[in-house]
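Have a look at run_28.cif; it's mmCIF, C-alpha atoms (C1' of nucleotides):
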```
data_start
#
loop_
_atom_site.group_PDB
_atom_site.id
_atom_site.type_symbol
_atom_site.label_atom_id
_atom_site.label_comp_id
_atom_site.auth_asym_id
_atom_site.auth_seq_id
_atom_site.Cartn_x
_atom_site.Cartn_y
_atom_site.Cartn_z
ATOM 1 C CA MET A 63 -9.311 -12.889 -7.508
ATOM 2 C CA LEU A 64 -8.771 -11.924 -3.907
ATOM 3 C CA ILE A 65 -6.417 -9.078 -3.144
ATOM 4 C CA ARG A 66 -5.297 -8.342 0.370
ATOM 5 C CA ILE A 67 -3.178 -5.373 1.408
ATOM 6 C CA ASP A 68 -1.361 -4.590 4.633
ATOM 7 C CA PRO A 69 -0.883 -0.806 4.942
ATOM 8 C CA ALA A 70 1.329 -1.310 7.986
ATOM 9 C CA SER A 71 3.818 -3.498 6.155
ATOM 10 C CA SER A 72 7.264 -2.163 5.352
ATOM 11 C CA VAL A 73 6.703 -3.444 1.846
ATOM 12 C CA PRO A 74 5.176 -0.634 -0.230
ATOM 13 C CA MET A 75 1.507 -1.139 -1.005
ATOM 14 C CA PHE A 76 2.007 -0.864 -4.751
ATOM 15 C CA GLU A 77 4.549 -3.696 -4.437
ATOM 16 C CA GLN A 78 2.098 -5.803 -2.471
ATOM 17 C CA LEU A 79 -0.502 -5.233 -5.118
ATOM 18 C CA ALA A 80 1.806 -6.267 -7.919
ATOM 19 C CA ALA A 81 2.941 -9.271 -5.894
ATOM 20 C CA SER A 82 -0.628 -10.395 -5.463
ATOM 21 C CA VAL A 83 -1.232 -10.371 -9.200
ATOM 22 C CA ARG A 84 2.028 -12.213 -9.896
ATOM 23 C CA PHE A 85 1.082 -14.767 -7.303
ATOM 24 C CA ASP A 86 -2.288 -15.408 -8.905
ATOM 25 C CA ALA A 87 -0.646 -15.615 -12.312
ATOM 26 C CA SER A 88 1.847 -18.205 -11.082
ATOM 27 C CA ARG A 89 -1.029 -20.265 -9.695
ATOM 28 C CA GLY A 90 -3.128 -20.096 -12.799
ATOM 29 C CA THR A 91 -5.839 -18.206 -10.955
ATOM 30 C CA LEU A 92 -5.224 -15.436 -13.448
ATOM 31 C CA ARG A 93 -4.900 -16.512 -17.064
ATOM 32 C CA PRO A 94 -3.897 -14.680 -20.237
ATOM 33 C CA GLY A 95 -6.794 -12.543 -21.407
ATOM 34 C CA ASP A 96 -8.235 -12.064 -17.949
ATOM 35 C CA ARG A 97 -9.001 -8.469 -17.061
ATOM 36 C CA LEU A 98 -8.062 -6.838 -13.768
ATOM 37 C CA PRO A 99 -10.533 -4.467 -12.103
ATOM 38 C CA SER A 100 -10.156 -0.848 -13.125
ATOM 39 C CA ALA A 101 -7.734 1.191 -11.064
ATOM 40 C CA ARG A 102 -10.440 3.481 -9.736
ATOM 41 C CA GLU A 103 -12.612 0.546 -8.814
ATOM 42 C CA LEU A 104 -9.882 -1.417 -7.082
ATOM 43 C CA ALA A 105 -8.618 1.673 -5.292
ATOM 44 C CA GLU A 106 -12.021 2.269 -3.790
ATOM 45 C CA SER A 107 -12.557 -1.303 -2.662
ATOM 46 C CA LEU A 108 -9.106 -1.367 -1.039
ATOM 47 C CA ASP A 109 -9.509 2.121 0.405
ATOM 48 C CA VAL A 110 -6.331 3.208 -1.320
ATOM 49 C CA ASN A 111 -5.450 6.057 -3.643
ATOM 50 C CA VAL A 112 -5.900 5.520 -7.383
ATOM 51 C CA HIS A 113 -2.303 6.449 -8.059
ATOM 52 C CA THR A 114 -1.096 3.645 -5.830
ATOM 53 C CA VAL A 115 -3.041 1.063 -7.840
ATOM 54 C CA LEU A 116 -1.935 2.576 -11.117
ATOM 55 C CA ARG A 117 1.674 2.428 -10.029
ATOM 56 C CA ALA A 118 1.302 -1.275 -9.376
ATOM 57 C CA TYR A 119 -0.334 -1.771 -12.769
ATOM 58 C CA GLN A 120 2.427 0.141 -14.506
ATOM 59 C CA LEU A 121 5.014 -1.965 -12.710
ATOM 60 C CA LEU A 122 3.326 -5.114 -13.964
ATOM 61 C CA ARG A 123 3.216 -3.655 -17.449
ATOM 62 C CA ASP A 124 6.973 -2.971 -17.295
ATOM 63 C CA GLU A 125 7.434 -6.629 -16.398
ATOM 64 C CA GLY A 126 5.341 -7.658 -19.376
ATOM 65 C CA LEU A 127 2.682 -9.271 -17.233
ATOM 66 C CA VAL A 128 -0.231 -7.092 -18.229
ATOM 67 C CA ASP A 129 -1.303 -5.011 -21.172
ATOM 68 C CA LEU A 130 -2.418 -1.549 -20.176
ATOM 69 C CA ARG A 131 -4.593 0.789 -22.226
ATOM 70 C CA PRO A 132 -7.038 3.591 -21.590
ATOM 71 C CA GLY A 133 -10.656 2.560 -21.926
ATOM 72 C CA ARG A 134 -9.788 -1.121 -21.732
ATOM 73 C CA GLY A 135 -7.949 -1.529 -18.443
ATOM 74 C CA ALA A 136 -5.314 -4.090 -17.478
ATOM 75 C CA VAL A 137 -5.303 -7.409 -19.288
ATOM 76 C CA ILE A 138 -3.106 -10.384 -18.438
ATOM 77 C CA THR A 139 -0.634 -11.188 -21.229
ATOM 78 C CA VAL A 140 0.338 -14.587 -22.586
ATOM 79 C CA ARG A 141 3.760 -14.123 -21.059
ATOM 80 C CA ALA A 142 2.197 -14.471 -17.614
ATOM 81 C CA ALA A 143 1.819 -18.186 -18.220
ATOM 82 C CA SER A 144 5.579 -18.641 -17.970
ATOM 83 C CA PHE A 145 5.367 -17.549 -14.362
ATOM 84 C CA SER A 146 3.664 -20.792 -13.523
ATOM 85 C CA ASP A 147 7.020 -22.531 -13.910
ATOM 86 C CA LEU A 148 7.943 -21.022 -10.562
ATOM 87 C CA GLY A 149 4.687 -22.033 -8.940
ATOM 88 C CA GLU A 150 6.326 -25.198 -7.662
ATOM 89 C CA ALA A 151 9.908 -24.202 -6.949
ATOM 90 C CA ILE A 152 8.996 -21.266 -4.754
ATOM 91 C CA PRO A 153 6.836 -23.115 -2.224
ATOM 92 C CA ARG A 154 9.554 -25.742 -1.963
ATOM 93 C CA LEU A 155 12.260 -23.229 -1.116
ATOM 94 C CA VAL A 156 10.048 -21.346 1.288
ATOM 95 C CA SER A 157 9.143 -24.420 3.278
ATOM 96 C CA GLN A 158 12.798 -25.336 3.422
ATOM 97 C CA ALA A 159 13.694 -21.881 4.699
ATOM 98 C CA ARG A 160 10.953 -22.096 7.291
ATOM 99 C CA ALA A 161 12.322 -25.408 8.506
ATOM 100 C CA VAL A 162 15.731 -23.869 9.114
ATOM 101 C CA GLY A 163 14.191 -20.839 10.819
ATOM 102 C CA VAL A 164 15.158 -18.298 8.208
ATOM 103 C CA SER A 165 12.953 -15.201 8.179
ATOM 104 C CA VAL A 166 11.288 -13.777 5.083
ATOM 105 C CA SER A 167 13.523 -10.742 4.938
ATOM 106 C CA ALA A 168 16.626 -12.862 5.398
ATOM 107 C CA LEU A 169 15.560 -15.206 2.636
ATOM 108 C CA THR A 170 14.735 -12.460 0.173
ATOM 109 C CA ALA A 171 17.987 -10.723 1.005
ATOM 110 C CA MET A 172 19.953 -13.879 0.262
ATOM 111 C CA ILE A 173 18.154 -14.184 -3.044
ATOM 112 C CA ARG A 174 18.992 -10.622 -3.968
ATOM 113 C CA GLN A 175 22.591 -11.406 -3.108
ATOM 114 C CA GLU A 176 22.562 -14.494 -5.313
ATOM 115 C CA TYR A 177 20.892 -12.602 -8.131
ATOM 116 C CA ALA A 178 23.582 -9.940 -8.054
ATOM 117 C CA ALA A 179 26.333 -12.543 -8.209
ATOM 118 C CA MET B 239 35.567 -11.631 4.175
ATOM 119 C CA LEU B 240 34.803 -9.146 1.464
ATOM 120 C CA ILE B 241 31.950 -6.737 1.938
ATOM 121 C CA ARG B 242 30.712 -4.563 -0.858
ATOM 122 C CA ILE B 243 28.057 -1.897 -0.533
ATOM 123 C CA ASP B 244 26.095 0.020 -3.129
ATOM 124 C CA PRO B 245 24.923 3.335 -1.626
ATOM 125 C CA ALA B 246 22.794 4.015 -4.705
ATOM 126 C CA SER B 247 20.787 0.814 -4.385
ATOM 127 C CA SER B 248 17.156 0.964 -3.342
ATOM 128 C CA VAL B 249 17.992 -1.748 -0.844
ATOM 129 C CA PRO B 250 18.970 -0.112 2.453
ATOM 130 C CA MET B 251 22.690 -0.271 3.204
ATOM 131 C CA PHE B 252 22.178 -1.947 6.560
ATOM 132 C CA GLU B 253 20.217 -4.645 4.728
ATOM 133 C CA GLN B 254 22.984 -5.083 2.195
ATOM 134 C CA LEU B 255 25.474 -5.448 5.008
ATOM 135 C CA ALA B 256 23.417 -8.088 6.781
ATOM 136 C CA ALA B 257 22.821 -9.858 3.466
ATOM 137 C CA SER B 258 26.534 -10.010 2.836
ATOM 138 C CA VAL B 259 27.158 -11.702 6.174
ATOM 139 C CA ARG B 260 24.317 -14.174 5.642
ATOM 140 C CA PHE B 261 25.673 -14.946 2.209
ATOM 141 C CA ASP B 262 29.133 -15.711 3.581
ATOM 142 C CA ALA B 263 27.606 -17.804 6.340
ATOM 143 C CA SER B 264 25.607 -19.846 3.838
ATOM 144 C CA ARG B 265 28.782 -20.485 1.846
ATOM 145 C CA GLY B 266 30.868 -21.469 4.809
ATOM 146 C CA THR B 267 33.168 -18.492 4.317
ATOM 147 C CA LEU B 268 32.094 -17.430 7.782
ATOM 148 C CA ARG B 269 32.031 -20.164 10.414
ATOM 149 C CA PRO B 270 30.731 -20.290 13.974
ATOM 150 C CA GLY B 271 33.194 -18.534 16.256
ATOM 151 C CA ASP B 272 34.466 -16.180 13.587
ATOM 152 C CA ARG B 273 34.517 -12.544 14.607
ATOM 153 C CA LEU B 274 33.239 -9.716 12.441
ATOM 154 C CA PRO B 275 35.204 -6.465 12.317
ATOM 155 C CA SER B 276 34.162 -3.909 14.923
ATOM 156 C CA ALA B 277 31.354 -1.591 13.908
ATOM 157 C CA ARG B 278 33.561 1.499 14.094
ATOM 158 C CA GLU B 279 36.259 -0.184 12.065
ATOM 159 C CA LEU B 280 33.925 -1.490 9.362
ATOM 160 C CA ALA B 281 32.079 1.807 9.194
ATOM 161 C CA GLU B 282 35.297 3.636 8.446
ATOM 162 C CA SER B 283 36.488 1.206 5.789
ATOM 163 C CA LEU B 284 33.109 1.361 4.047
ATOM 164 C CA ASP B 285 32.840 5.114 4.527
ATOM 165 C CA VAL B 286 29.536 4.686 6.279
ATOM 166 C CA ASN B 287 28.142 5.813 9.605
ATOM 167 C CA VAL B 288 28.704 3.597 12.637
ATOM 168 C CA HIS B 289 24.996 3.436 13.361
ATOM 169 C CA THR B 290 24.364 1.941 9.943
ATOM 170 C CA VAL B 291 26.774 -0.917 10.619
ATOM 171 C CA LEU B 292 25.405 -1.424 14.116
ATOM 172 C CA ARG B 293 21.907 -1.621 12.772
ATOM 173 C CA ALA B 294 22.972 -4.429 10.480
ATOM 174 C CA TYR B 295 24.709 -6.209 13.359
ATOM 175 C CA GLN B 296 21.636 -5.894 15.560
ATOM 176 C CA LEU B 297 19.503 -7.261 12.767
ATOM 177 C CA LEU B 298 21.764 -10.286 12.491
ATOM 178 C CA ARG B 299 21.616 -10.699 16.255
ATOM 179 C CA ASP B 300 17.817 -10.676 16.139
ATOM 180 C CA GLU B 301 18.030 -13.454 13.560
ATOM 181 C CA GLY B 302 20.325 -15.408 15.855
ATOM 182 C CA LEU B 303 23.208 -15.316 13.412
ATOM 183 C CA VAL B 304 25.671 -13.436 15.577
ATOM 184 C CA ASP B 305 26.346 -12.891 19.232
ATOM 185 C CA LEU B 306 26.751 -9.240 20.114
ATOM 186 C CA ARG B 307 28.444 -7.860 23.209
ATOM 187 C CA PRO B 308 30.300 -4.726 24.213
ATOM 188 C CA GLY B 309 34.030 -5.147 24.340
ATOM 189 C CA ARG B 310 33.910 -8.337 22.314
ATOM 190 C CA GLY B 311 32.172 -7.448 19.073
ATOM 191 C CA ALA B 312 30.062 -9.619 16.788
ATOM 192 C CA VAL B 313 30.720 -13.353 16.767
ATOM 193 C CA ILE B 314 29.123 -15.869 14.406
ATOM 194 C CA THR B 315 26.888 -18.338 16.261
ATOM 195 C CA VAL B 316 26.603 -22.080 15.720
ATOM 196 C CA ARG B 317 23.138 -21.536 14.354
ATOM 197 C CA ALA B 318 24.680 -19.868 11.313
ATOM 198 C CA ALA B 319 25.765 -23.292 10.065
ATOM 199 C CA SER B 320 22.145 -24.219 9.345
ATOM 200 C CA PHE B 321 22.043 -21.482 6.748
ATOM 201 C CA SER B 322 24.268 -23.561 4.536
ATOM 202 C CA ASP B 323 21.276 -25.827 3.865
ATOM 203 C CA LEU B 324 19.973 -23.109 1.610
ATOM 204 C CA GLY B 325 23.271 -22.631 -0.153
ATOM 205 C CA GLU B 326 22.147 -24.975 -2.899
ATOM 206 C CA ALA B 327 18.420 -24.403 -3.201
ATOM 207 C CA ILE B 328 18.724 -20.662 -3.643
ATOM 208 C CA PRO B 329 21.044 -20.640 -6.675
ATOM 209 C CA ARG B 330 18.801 -23.231 -8.303
ATOM 210 C CA LEU B 331 15.666 -21.132 -7.926
ATOM 211 C CA VAL B 332 17.437 -17.965 -9.011
ATOM 212 C CA SER B 333 18.744 -19.496 -12.212
ATOM 213 C CA GLN B 334 15.290 -20.828 -12.934
ATOM 214 C CA ALA B 335 13.761 -17.405 -12.395
ATOM 215 C CA ARG B 336 16.383 -15.866 -14.662
ATOM 216 C CA ALA B 337 15.525 -18.339 -17.391
ATOM 217 C CA VAL B 338 11.887 -17.299 -17.319
ATOM 218 C CA GLY B 339 12.804 -13.619 -17.270
ATOM 219 C CA VAL B 340 11.547 -12.854 -13.789
ATOM 220 C CA SER B 341 13.217 -9.855 -12.166
ATOM 221 C CA VAL B 342 14.753 -9.855 -8.704
ATOM 222 C CA SER B 343 12.067 -7.698 -7.205
ATOM 223 C CA ALA B 344 9.331 -9.811 -8.761
ATOM 224 C CA LEU B 345 10.898 -12.990 -7.449
ATOM 225 C CA THR B 346 11.377 -11.689 -3.926
ATOM 226 C CA ALA B 347 7.840 -10.340 -3.947
ATOM 227 C CA MET B 348 6.478 -13.742 -4.917
ATOM 228 C CA ILE B 349 8.447 -15.308 -2.121
ATOM 229 C CA ARG B 350 7.075 -12.833 0.396
ATOM 230 C CA GLN B 351 3.621 -13.721 -0.881
ATOM 231 C CA GLU B 352 4.263 -17.425 -0.473
ATOM 232 C CA TYR B 353 5.720 -16.906 2.981
ATOM 233 C CA ALA B 354 2.633 -15.034 4.106
ATOM 234 C CA ALA B 355 0.356 -17.782 2.870
ATOM 235 C "C1'" DC C 116 42.983 0.574 35.282
ATOM 236 C "C1'" DT C 117 42.430 1.502 30.452
ATOM 237 C "C1'" DC C 118 41.153 0.708 25.918
ATOM 238 C "C1'" DT C 119 37.854 -1.300 22.949
ATOM 239 C "C1'" DT C 120 33.174 -2.202 21.668
ATOM 240 C "C1'" DG C 121 28.271 -2.307 21.687
ATOM 241 C "C1'" DT C 122 24.045 0.377 23.756
ATOM 242 C "C1'" DG C 123 21.110 4.248 23.921
ATOM 243 C "C1'" DC C 124 19.789 8.809 23.198
ATOM 244 C "C1'" DT C 125 18.678 13.183 20.614
ATOM 245 C "C1'" DA C 126 18.605 15.805 16.343
ATOM 246 C "C1'" DG C 127 18.761 16.891 11.571
ATOM 247 C "C1'" DT C 128 18.686 15.822 6.386
ATOM 248 C "C1'" DG C 129 17.143 13.670 2.144
ATOM 249 C "C1'" DC C 130 14.395 10.566 -0.439
ATOM 250 C "C1'" DA C 131 10.459 7.797 -1.643
ATOM 251 C "C1'" DA C 132 5.717 6.188 -0.677
ATOM 252 C "C1'" DA C 133 1.251 7.632 -0.457
ATOM 253 C "C1'" DT C 134 -2.430 10.931 -0.798
ATOM 254 C "C1'" DA C 135 -5.055 14.474 -3.315
ATOM 255 C "C1'" DG C 136 -6.990 16.945 -7.182
ATOM 256 C "C1'" DA C 137 -7.213 18.095 -11.843
ATOM 257 C "C1'" DA C 138 -6.940 18.024 -16.978
ATOM 258 C "C1'" DC C 139 -6.149 14.981 -20.855
ATOM 259 C "C1'" DA C 140 -6.243 11.054 -24.361
ATOM 260 C "C1'" DA C 141 -7.469 6.567 -25.925
ATOM 261 C "C1'" DT C 142 -10.778 2.911 -26.118
ATOM 262 C "C1'" DA C 143 -15.250 0.488 -25.916
ATOM 263 C "C1'" DG C 144 -19.964 0.358 -26.585
ATOM 264 C "C1'" DA C 145 -24.547 2.221 -27.507
ATOM 265 C "C1'" DT D 117 -21.110 9.917 -33.652
ATOM 266 C "C1'" DC D 118 -21.724 10.455 -28.821
ATOM 267 C "C1'" DT D 119 -20.795 9.106 -24.108
ATOM 268 C "C1'" DA D 120 -18.949 6.823 -20.301
ATOM 269 C "C1'" DT D 121 -14.908 4.354 -18.901
ATOM 270 C "C1'" DT D 122 -10.081 4.008 -18.145
ATOM 271 C "C1'" DG D 123 -5.239 4.824 -18.181
ATOM 272 C "C1'" DT D 124 -1.761 8.976 -18.621
ATOM 273 C "C1'" DT D 125 0.361 12.918 -16.879
ATOM 274 C "C1'" DC D 126 1.058 16.820 -14.005
ATOM 275 C "C1'" DT D 127 1.681 19.454 -9.613
ATOM 276 C "C1'" DA D 128 1.578 19.627 -4.636
ATOM 277 C "C1'" DT D 129 1.647 18.011 0.098
ATOM 278 C "C1'" DT D 130 2.215 14.867 3.940
ATOM 279 C "C1'" DT D 131 4.453 11.059 6.179
ATOM 280 C "C1'" DG D 132 7.802 7.671 7.391
ATOM 281 C "C1'" DC D 133 12.364 5.791 7.125
ATOM 282 C "C1'" DA D 134 17.268 5.464 5.997
ATOM 283 C "C1'" DC D 135 21.236 7.739 7.005
ATOM 284 C "C1'" DT D 136 24.239 10.900 9.199
ATOM 285 C "C1'" DA D 137 26.117 13.130 13.393
ATOM 286 C "C1'" DG D 138 27.646 13.637 18.025
ATOM 287 C "C1'" DC D 139 27.517 12.389 22.620
ATOM 288 C "C1'" DA D 140 27.367 9.840 27.172
ATOM 289 C "C1'" DC D 141 27.179 5.226 29.065
ATOM 290 C "C1'" DA D 142 28.099 0.265 30.249
ATOM 291 C "C1'" DA D 143 30.186 -4.168 29.544
ATOM 292 C "C1'" DG D 144 34.044 -6.861 28.468
ATOM 293 C "C1'" DA D 145 39.204 -7.748 27.352
ATOM 294 C "C1'" DG D 146 43.936 -7.493 28.532
#
```
Show me the file's structure as C-alpha cells.
Amino acid sequence: MLIRIDPASSVPMFEQLAASVRFDASRGTLRPGDRLPSARELAESLDVNVHTVLRAYQLLRDEGLVDLRPGRGAVITVRAASFSDLGEAIPRLVSQARAVGVSVSALTAMIRQEYAA
Amino acid sequence: MLIRIDPASSVPMFEQLAASVRFDASRGTLRPGDRLPSARELAESLDVNVHTVLRAYQLLRDEGLVDLRPGRGAVITVRAASFSDLGEAIPRLVSQARAVGVSVSALTAMIRQEYAA
DNA sequence: CTCTTGTGCTAGTGCAAATAGAACAATAGA
DNA sequence: TCTATTGTTCTATTTGCACTAGCACAAGAG
C-alpha cells in the first residue's frame, strides 16, 4: 500500500489521500477487511497533519468505503469490492482522452457536467 | 447556447463556465468558427464579474479550444471537434459509476489518479 | 476614427484547506 | 481491570485562491 501526496497540487491533500485508497480498492490491492495505517502513523510518515489524514478517512467513511472506529482504526468494507467494476472502464476512458489531447482537468470537468445532467 | 452557473457549488465558477463550453463542443452544439458572447456581455447576463468569464475563456484558450483576440472575441477552433470523440464514452462511464453508487467527486478523483499513473 | 473586446495591473474580501494543540471516548489486548 | 491505541471533537491561526472591483492599455472590426 503505497501512498504518494503532492502538497503543491491544486487538489486538496485530503482528497488525494482518499483518491489513493479508492484507487487501491478498485485495483484489488486493498481488500475488504484490510486495515489502513492509523491516522497518527500515516500523518507522520507523510509529514502531514493528523487532521488532514482523519478528514480523508472520514470522507471515505461517508462513501461507505471504510469502517472507522476508535481503538481499531480504518477497515476496508465489503462495499469497496464493487469499486473494482470501474477498474477497467476508467483506464480505457483516460487513454482515450489522452489520445485526443484532453487534459485531466478538462476531462474531470466534462464528467462533472455529465453527472449533473 | 445555454450556460448555467451555480455560485454555491464548490466547483469554481470559471471552471463551470469552461466546462459548459467543453460540454457543448463535445455535443456538437458548438462548432468550429462559432463565436462565444463577449466576456463583458456574458458577465452581465450571468451576474458575474468580467474577470471570472475571462479566466474561463483563457483557460479554454490554453486548452486550444478557442481562439482569443481583442476586438474579435472567443472563437471555437477546429480542434474542438475532436472533443466529440468523448461524447459517447463519458456518459457510459458515468452511468456505470452511478450504478455502483460512486459519487462524482470519487469518480473524478479516481480519474485524476489514473491520469497521473 | 471610433467602438468593441481581450490584456494586464493593483487591491480588497470571503471561504476553505491545512496546521496546531488539547481534552475526550471507544476499542483492543495484556 | 488496566493501559496503550485510535478516532472524535473543539478552538484557533495561517495560508492560498476564487471572486469582485476599477482602471488603463492594445488589438481588431467596421
Box dimensions and centre (Å, one decimal) enclosing segment 138-143 of chain D, axis-aligned, 3 Å extra per side, as AutoDock Vina command-line options:
```
--center_x 28.7 --center_y 4.7 --center_z 24.1 --size_x 9.0 --size_y 23.8 --size_z 18.2
```
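Any residue of chain D with an atom within 9 Å of chain B counts; using all atoms listed in the file, that gives DA134, DC135, DT136, DA137, DA142, DA143, DG144 and DA145 of chain D.
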B:Ser283, B:Ser258, B:Gln351, B:Ser247 ranked by distance to Ile152 of chain A, top pick (using only C-alpha atoms): B:Gln351
What residues come out when you apply the PyMOL selection byres ((chain A and resi 149) around 10) to this file, written as a PyMOL selection string? (chain A and resi 85-90+144-148+150-154) or (chain B and resi 348+352)
Picked residues, the PyMOL selection byres ((chain B) within 6 of (chain A)), as a PyMOL selection string: chain B and resi 257+346-348
